[in-house]
>>> print(open('query-v2.csv').read())   # CSV, C-alpha atoms
chain,number,residue,atom,x,y,z
B,1,MET,CA,0.0,0.0,0.0
B,2,PRO,CA,1.6,3.3,-1.0
B,3,THR,CA,2.2,5.9,1.7
B,4,THR,CA,0.9,9.4,1.3
B,5,PRO,CA,3.5,12.3,1.5
B,6,SER,CA,1.9,13.7,4.7
B,7,LYS,CA,2.1,10.4,6.4
B,8,THR,CA,5.8,9.9,5.5
B,9,ALA,CA,6.6,13.4,6.7
B,10,ALA,CA,4.8,12.7,10.0
B,11,GLU,CA,6.8,9.5,10.5
B,12,ALA,CA,10.1,11.2,9.6
B,13,THR,CA,9.6,14.0,12.2
B,14,PRO,CA,9.1,12.7,15.7
B,15,PRO,CA,6.8,14.7,18.0
B,16,LEU,CA,8.4,17.8,19.6
B,17,SER,CA,7.4,16.8,23.1
B,18,LYS,CA,9.5,13.7,22.7
B,19,TRP,CA,12.9,15.3,22.1
B,20,ALA,CA,12.6,19.1,22.8
B,21,PRO,CA,13.0,18.8,26.6
B,22,ALA,CA,16.2,16.8,26.3
B,23,VAL,CA,17.6,19.0,23.6
B,24,LEU,CA,16.8,22.3,25.4
B,25,LEU,CA,18.2,21.0,28.7
B,26,GLY,CA,21.2,19.8,26.8
B,27,TRP,CA,21.7,23.3,25.5
B,28,LEU,CA,21.3,25.0,28.8
B,29,ILE,CA,23.4,22.5,30.8
B,30,PRO,CA,25.9,20.5,28.8
B,31,GLY,CA,25.1,16.8,29.2
B,32,GLY,CA,21.7,17.7,30.8
B,33,GLY,CA,19.8,16.0,28.0
B,34,HIS,CA,21.6,12.8,28.7
B,35,PHE,CA,20.9,13.1,32.4
B,36,LEU,CA,17.2,13.6,31.6
B,37,LEU,CA,17.3,10.5,29.4
B,38,LYS,CA,19.1,8.5,32.2
B,39,ARG,CA,22.4,8.3,30.4
B,40,THR,CA,24.3,9.5,33.5
B,41,GLY,CA,27.8,8.2,32.5
B,42,ARG,CA,27.8,9.9,29.1
B,43,GLY,CA,26.1,13.0,30.5
B,44,THR,CA,28.9,13.3,33.1
B,45,LEU,CA,31.6,12.9,30.5
B,46,LEU,CA,30.0,15.5,28.3
B,47,LEU,CA,29.5,17.9,31.2
B,48,VAL,CA,33.1,17.6,32.3
B,49,THR,CA,34.5,18.0,28.8
B,50,VAL,CA,32.4,21.1,27.8
B,51,LEU,CA,32.9,22.7,31.2
B,52,SER,CA,36.6,22.1,31.2
B,53,MET,CA,37.0,23.5,27.7
B,54,PHE,CA,34.9,26.5,28.5
B,55,LEU,CA,36.7,27.3,31.8
B,56,LEU,CA,40.1,26.8,30.1
B,57,GLY,CA,39.0,29.2,27.4
B,58,LEU,CA,38.0,31.8,30.0
B,59,MET,CA,41.3,31.3,31.9
B,60,MET,CA,43.3,31.8,28.7
B,61,ARG,CA,41.4,35.1,28.3
B,62,GLY,CA,39.7,34.0,25.1
B,63,ALA,CA,37.3,36.5,23.5
B,64,MET,CA,33.6,36.0,23.0
B,65,PHE,CA,32.4,36.8,19.5
B,66,GLN,CA,29.8,39.4,18.9
B,67,PRO,CA,27.7,39.1,15.7
B,68,GLN,CA,29.0,41.4,13.0
B,69,THR,CA,28.2,41.8,9.3
B,70,GLY,CA,30.3,43.1,6.5
B,71,ASP,CA,32.0,41.1,3.8
B,72,ILE,CA,31.1,37.4,3.6
B,73,LEU,CA,34.2,36.3,5.6
B,74,THR,CA,33.5,38.7,8.5
B,75,THR,CA,29.9,37.6,8.6
B,76,ILE,CA,30.8,33.9,8.7
B,77,ILE,CA,33.5,34.3,11.3
B,78,TYR,CA,31.7,36.6,13.7
B,79,CYS,CA,28.1,35.3,13.4
B,80,GLY,CA,29.4,31.7,13.3
B,81,GLY,CA,31.6,32.3,16.3
B,82,PHE,CA,28.8,34.0,18.2
B,83,LEU,CA,26.5,30.9,17.5
B,84,GLY,CA,29.4,28.6,18.7
B,85,ASP,CA,29.7,30.6,21.9
B,86,LEU,CA,26.0,30.7,22.4
B,87,ALA,CA,25.7,26.9,22.1
B,88,SER,CA,27.5,26.6,25.5
B,89,GLY,CA,24.1,27.6,27.0
B,90,LEU,CA,24.1,28.6,30.6
B,91,LEU,CA,27.9,28.8,30.7
B,92,TYR,CA,27.9,31.5,28.0
B,93,LEU,CA,25.0,33.4,29.5
B,94,LEU,CA,26.6,33.3,33.0
B,95,ALA,CA,30.1,34.3,31.7
B,96,THR,CA,28.6,37.2,29.8
B,97,TRP,CA,26.3,38.4,32.6
B,98,LEU,CA,29.1,38.2,35.2
B,99,GLY,CA,31.4,40.1,33.1
B,100,TYR,CA,33.9,37.4,32.1
B,101,ALA,CA,33.6,38.1,28.4
B,102,GLN,CA,37.0,39.5,27.3
B,103,VAL,CA,37.9,41.8,24.5
B,104,ASP,CA,39.9,40.4,21.6
B,105,VAL,CA,43.6,40.8,22.2
B,106,ALA,CA,46.7,39.6,20.3
B,107,GLY,CA,48.6,36.6,21.4
B,108,HIS,CA,48.6,32.9,20.9
B,109,VAL,CA,47.2,32.0,24.3
B,110,HIS,CA,44.2,34.3,23.8
B,111,ASP,CA,43.7,32.9,20.4
B,112,TYR,CA,43.6,29.4,21.8
B,113,GLY,CA,41.2,30.6,24.5
B,114,THR,CA,38.8,32.0,21.9
B,115,LYS,CA,38.9,28.7,20.0
B,116,PHE,CA,38.3,26.7,23.2
B,117,LEU,CA,35.2,28.8,24.0
B,118,VAL,CA,33.8,28.2,20.5
B,119,ALA,CA,34.8,24.5,20.5
B,120,ALA,CA,33.0,24.0,23.8
B,121,GLY,CA,29.8,25.2,22.2
B,122,LEU,CA,30.3,23.1,19.1
B,123,ILE,CA,30.9,20.0,21.2
B,124,ASN,CA,27.7,20.9,23.1
B,125,ILE,CA,25.9,20.9,19.7
B,126,LEU,CA,27.2,17.4,19.1
B,127,ALA,CA,25.9,16.4,22.5
B,128,MET,CA,22.5,17.9,21.8
B,129,VAL,CA,22.3,16.0,18.5
B,130,ASP,CA,23.2,12.8,20.4
B,131,ALA,CA,20.5,13.6,23.0
B,132,TYR,CA,18.0,14.1,20.1
B,133,GLU,CA,18.9,10.7,18.6
B,134,ILE,CA,18.5,9.0,21.9
B,135,ALA,CA,15.2,10.7,22.7
B,136,THR,CA,13.7,9.8,19.3
B,137,GLY,CA,14.9,6.2,19.5
B,138,LYS,CA,17.4,6.4,16.7
B,139,LYS,CA,20.2,5.5,19.1
B,140,ASP,CA,20.4,3.3,22.2
T,1,MET,CA,39.5,34.1,37.4
T,2,PRO,CA,43.1,32.8,37.4
T,3,LYS,CA,45.1,33.3,34.2
T,4,MET,CA,46.5,30.4,32.4
T,5,ASN,CA,49.4,30.4,30.0
T,6,LEU,CA,49.7,27.3,27.9
T,7,SER,CA,52.2,26.6,25.1
T,8,HIS,CA,51.0,25.8,21.6
T,9,PHE,CA,51.6,22.1,22.2
T,10,GLU,CA,49.8,22.0,25.6
T,11,ALA,CA,46.8,23.8,24.2
T,12,ALA,CA,46.5,21.6,21.2
T,13,LEU,CA,47.0,18.5,23.3
T,14,LEU,CA,44.1,19.5,25.6
T,15,PHE,CA,42.0,20.4,22.6
T,16,ALA,CA,42.7,17.0,21.0
T,17,LEU,CA,42.0,15.2,24.3
T,18,PHE,CA,38.6,16.8,24.9
T,19,SER,CA,37.5,16.6,21.3
T,20,SER,CA,38.4,12.9,21.2
T,21,VAL,CA,36.5,12.1,24.4
T,22,VAL,CA,33.3,13.6,23.0
T,23,LEU,CA,33.7,12.1,19.5
T,24,GLY,CA,34.2,8.7,21.2
T,25,VAL,CA,31.2,9.2,23.5
T,26,ILE,CA,28.7,10.3,20.9
T,27,THR,CA,29.5,8.3,17.8
T,28,LYS,CA,29.8,4.6,18.9
T,29,ARG,CA,27.3,2.2,20.6
T,30,THR,CA,29.4,0.1,23.0
T,31,ASP,CA,31.9,1.3,25.6
T,32,ALA,CA,34.7,-0.7,24.0
T,33,GLU,CA,34.0,0.9,20.6
T,34,ARG,CA,33.9,4.3,22.2
T,35,LEU,CA,37.2,3.8,23.9
T,36,ARG,CA,38.8,2.5,20.7
T,37,TYR,CA,37.4,5.3,18.6
T,38,GLY,CA,38.3,8.0,21.1
T,39,VAL,CA,41.9,6.8,21.3
T,40,ARG,CA,42.1,6.6,17.5
T,41,CYS,CA,40.8,10.2,17.2
T,42,PHE,CA,43.3,11.4,19.7
T,43,ILE,CA,46.2,9.7,17.8
T,44,TYR,CA,45.0,11.2,14.5
T,45,PHE,CA,44.7,14.7,16.1
T,46,MET,CA,48.3,14.4,17.5
T,47,GLY,CA,49.6,13.0,14.2
T,48,ALA,CA,48.1,15.9,12.3
T,49,LEU,CA,49.4,18.4,14.9
T,50,ILE,CA,53.0,17.1,14.8
T,51,GLY,CA,52.9,16.6,11.0
T,52,LEU,CA,51.6,20.2,10.4
T,53,GLY,CA,54.1,21.5,12.9
T,54,TRP,CA,57.0,20.0,11.0
T,55,LEU,CA,55.5,21.1,7.7
T,56,MET,CA,55.3,24.7,8.9
T,57,HIS,CA,58.9,24.4,10.4
T,58,PHE,CA,60.3,23.4,7.0
T,59,GLY,CA,58.0,25.8,5.2
T,60,HIS,CA,59.5,28.7,7.1
T,61,GLY,CA,63.0,27.5,6.4
>>> encode(input="query-v2.csv", output="C-alpha cells")
Amino acid sequence: MPTTPSKTAAEATPPLSKWAPAVLLGWLIPGGGHFLLKRTGRGTLLLVTVLSMFLLGLMMRGAMFQPQTGDILTTIIYCGGFLGDLASGLLYLLATWLGYAQVDVAGHVHDYGTKFLVAAGLINILAMVDAYEIATGKKD
Amino acid sequence: MPKMNLSHFEAALLFALFSSVVLGVITKRTDAERLRYGVRCFIYFMGALIGLGWLMHFGHG
C-alpha cells in the first residue's frame, strides 16, 4: 500500500514533546539532556568535557564573539563564532552576565582561548544531536 | 578568574583530548568501541598536529 507524502513526513519528524526537553536541557546544561534520558555516564563525560573547555577558554582570556556583518568572511566568522559561543548555554550566559567576556587581544594563548570557547559550544551541539537521537529512539 | 598560560603544544594537546573524548562518547554504541574510537581520534589529532608543525617548520626555512 503506497504511503501518502503527509504520512511519510509525520513518520520522519518525531513529536516535539519527545525530544525538545532533552535538547533544550542539553543546550542549557551540557550533558543535561543525557541526564534527563538517564544516560548518566555519558552525560557526566560531556558535562566535564564542555565545562573544562569553557573554563580553560576563559582562563586563557579568550574573546567572546559578537555578531558582525560586513564582507562574507567577516559575517561567517563573527556570526558563526557567536553561535558557537551561544551553544554553550548557561555557561555562555553566566560568563557574559558576570562580566567574564573578554575583548579580543593579540597573542597565541588568547587565540587558543577563543577557539576553546567556540569549540566547547560546538561540542555541546554534538551532545544535543546525540540527545535528540536517543530521545527519538534512533540510538540506544 | 586565574590566568592560564599554555604553550601551543599543551593547548593543542588538551583540545585533542577533549574533542576525542566527545567524539568517542557520541559516535559509537558500545563502551569498547567508544574507547577505541576516542583513542584513534586522539592519535589522529596528535599526528596531524605534529605533522603540520613540522610542515610549517620546513616551510618557514
>>> closest_residue(input="query-v2.csv", among="B:Lys139, B:Ile29, B:Gly113, B:Phe65", to="Phe15 in chain T", atoms="all atoms listed in the file")
B:Gly113
>>> atom_distance(input="query-v2.csv", atom1="CA of Leu46 in chain B", atom2="CA of Ile26 in chain T")
9.1 Å
>>> atom_distance(input="query-v2.csv", atom1="CA of Arg40 in chain T", atom2="CA of Met128 in chain B")
23.0 Å
>>> atom_distance(input="query-v2.csv", atom1="CA of Gly81 in chain B", atom2="CA of Val105 in chain B")
15.8 Å
>>> residues_around(input="query-v2.csv", residues="Ala12 in chain T", least_positions_apart="4", cutoff="12 Å", atoms="only C-alpha atoms", output="ChimeraX atom specification")
/B:53,108-109,111-113,115-116 /T:6-8,16-20,42,45-50,53
>>> closest_residue(input="query-v2.csv", among="B:Val48, B:Ala63, B:Leu25, B:Leu86", to="chain T", atoms="all atoms listed in the file")
B:Val48
>>> closest_atom_pairs(input="query-v2.csv", of="chain B", to="chain T", cutoff="6 Å", atoms="all atoms listed in the file", output="CSV")
residue,atom,partner,partner_atom,distance
B:Thr49,CA,T:Phe18,CA,5.8
B:Met59,CA,T:Lys3,CA,4.9
B:Met60,CA,T:Met4,CA,5.1
>>> closest_residue(input="query-v2.csv", among="B:Leu55, B:Ala135, B:Ile125, B:Ile72", to="Pro14 in chain B", atoms="only C-alpha atoms")
B:Ala135
>>> residues_around(input="query-v2.csv", residues="Leu51 in chain B", least_positions_apart="6", cutoff="8 Å", atoms="all atoms listed in the file", output="list in words")
Pro30, Leu91 and Ala120 of chain B
>>> residues_around(input="query-v2.csv", residues="Ser88 in chain B", least_positions_apart="6", cutoff="10 Å", atoms="only C-alpha atoms", output="NGL selection string")
:B and (26-30 or 50-51 or 54 or 117-125)
>>> write_last_selection(input="query-v2.csv", atoms="C-alpha atoms", output="compact mmCIF listing (two decimals), in the frame of the given file")
# COMPACT_ATOMS: atom_id res chain seq x y z
CA GLY B 26 21.20 19.80 26.80
CA TRP B 27 21.70 23.30 25.50
CA LEU B 28 21.30 25.00 28.80
CA ILE B 29 23.40 22.50 30.80
CA PRO B 30 25.90 20.50 28.80
CA VAL B 50 32.40 21.10 27.80
CA LEU B 51 32.90 22.70 31.20
CA PHE B 54 34.90 26.50 28.50
CA LEU B 117 35.20 28.80 24.00
CA VAL B 118 33.80 28.20 20.50
CA ALA B 119 34.80 24.50 20.50
CA ALA B 120 33.00 24.00 23.80
CA GLY B 121 29.80 25.20 22.20
CA LEU B 122 30.30 23.10 19.10
CA ILE B 123 30.90 20.00 21.20
CA ASN B 124 27.70 20.90 23.10
CA ILE B 125 25.90 20.90 19.70
